[in-house]
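Accompanying notes for the structure given below.
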Amino acid sequence: MSSDLAPRNTSAAPVPADDDNRYKAVQAKLTRLGKAMDDATVELESLRRSMQANANHTDGVATDIENADLDPRFVDLTANVATALIGAARSVKTLSGTAQETADLTHKTRRAHAKLYGPLDDIRSNRREKTPKAGFFNR
């Protein structure tokens, strides 16, 4: 059984690590990270289903070659492949859950950031006067 999955061309990180911490830049980074993690969750679930289908197919092949009275060594090897695929599918399911949790936390963080700093950004963005640097009033 073959897989329809193809590797993605991801030569760059979905969110650049830079020192731009302005409100809109942070919101954009969080949005891109959340989208990348949502996409990863979908792709990992697709991979898990494919691996599980391959494991089921391989298990059937092991039964078929056992019924055909082939060398037991080949039956064992094929059954071992099926078992390995089942284990890999379980691990991918765990990874998918972690990716989904990370996506959920990223979306939650973006909303909290917007709630805390969005009104301040609106004020700062809509006035003509320059804003003092951070920490200026703490002296």
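Residues are referred to by chain and number: the chain letter is A, B, ... according to the order shown in the structure tokens, the number counts from 1 in that chain, and ligands are numbered separately from 1 in the order shown.
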Selection: 12 Å around Glu101 (chain A), only C-alpha atoms, excl. self and same-chain fewer than 4 positions, as a PyMOL selection string: chain A and resi 34+37-38+40-41+94-97+105-108
Shell of 12 Å around Ala28 (chain A), only C-alpha atoms, local chain residues under 3 positions omitted, as a PyMOL selection string: chain A and resi 14-16+20-25+31-35+106-107+110-111+113-114
Best match for closeness to Ala88 (chain A) among A:Ala68, A:Ile123, A:Ala62, A:Met51, counting only C-alpha atoms: A:Met51
Surrounding residues of region 73-79 of chain A excluding itself and chain neighbours under 6 positions, 12 Å, only C-alpha atoms, as an MDAnalysis selection string: chainID A and resid 54:67 85:86
Helix (DSSP H, G or I) residues, from DSSP on the backbone, in region 63-139 of chain A, as a PyMOL selection string: chain A and resi 63-67+72-125+136-138
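Take CA of Val42 (chain A) and CA of Thr98 (chain A): the distance between them is 12.1 Å.
Atom pair CA of Ala89 (chain A) / CA of Gln52 (chain A) has a distance of 5.9 Å (rounded to one decimal).
The nearest approach to Gln27 (chain A) among the residues A:Pro72, A:Pro132, A:Gly87, A:Gly118, with only C-alpha atoms taken into account, belongs to A:Gly118.
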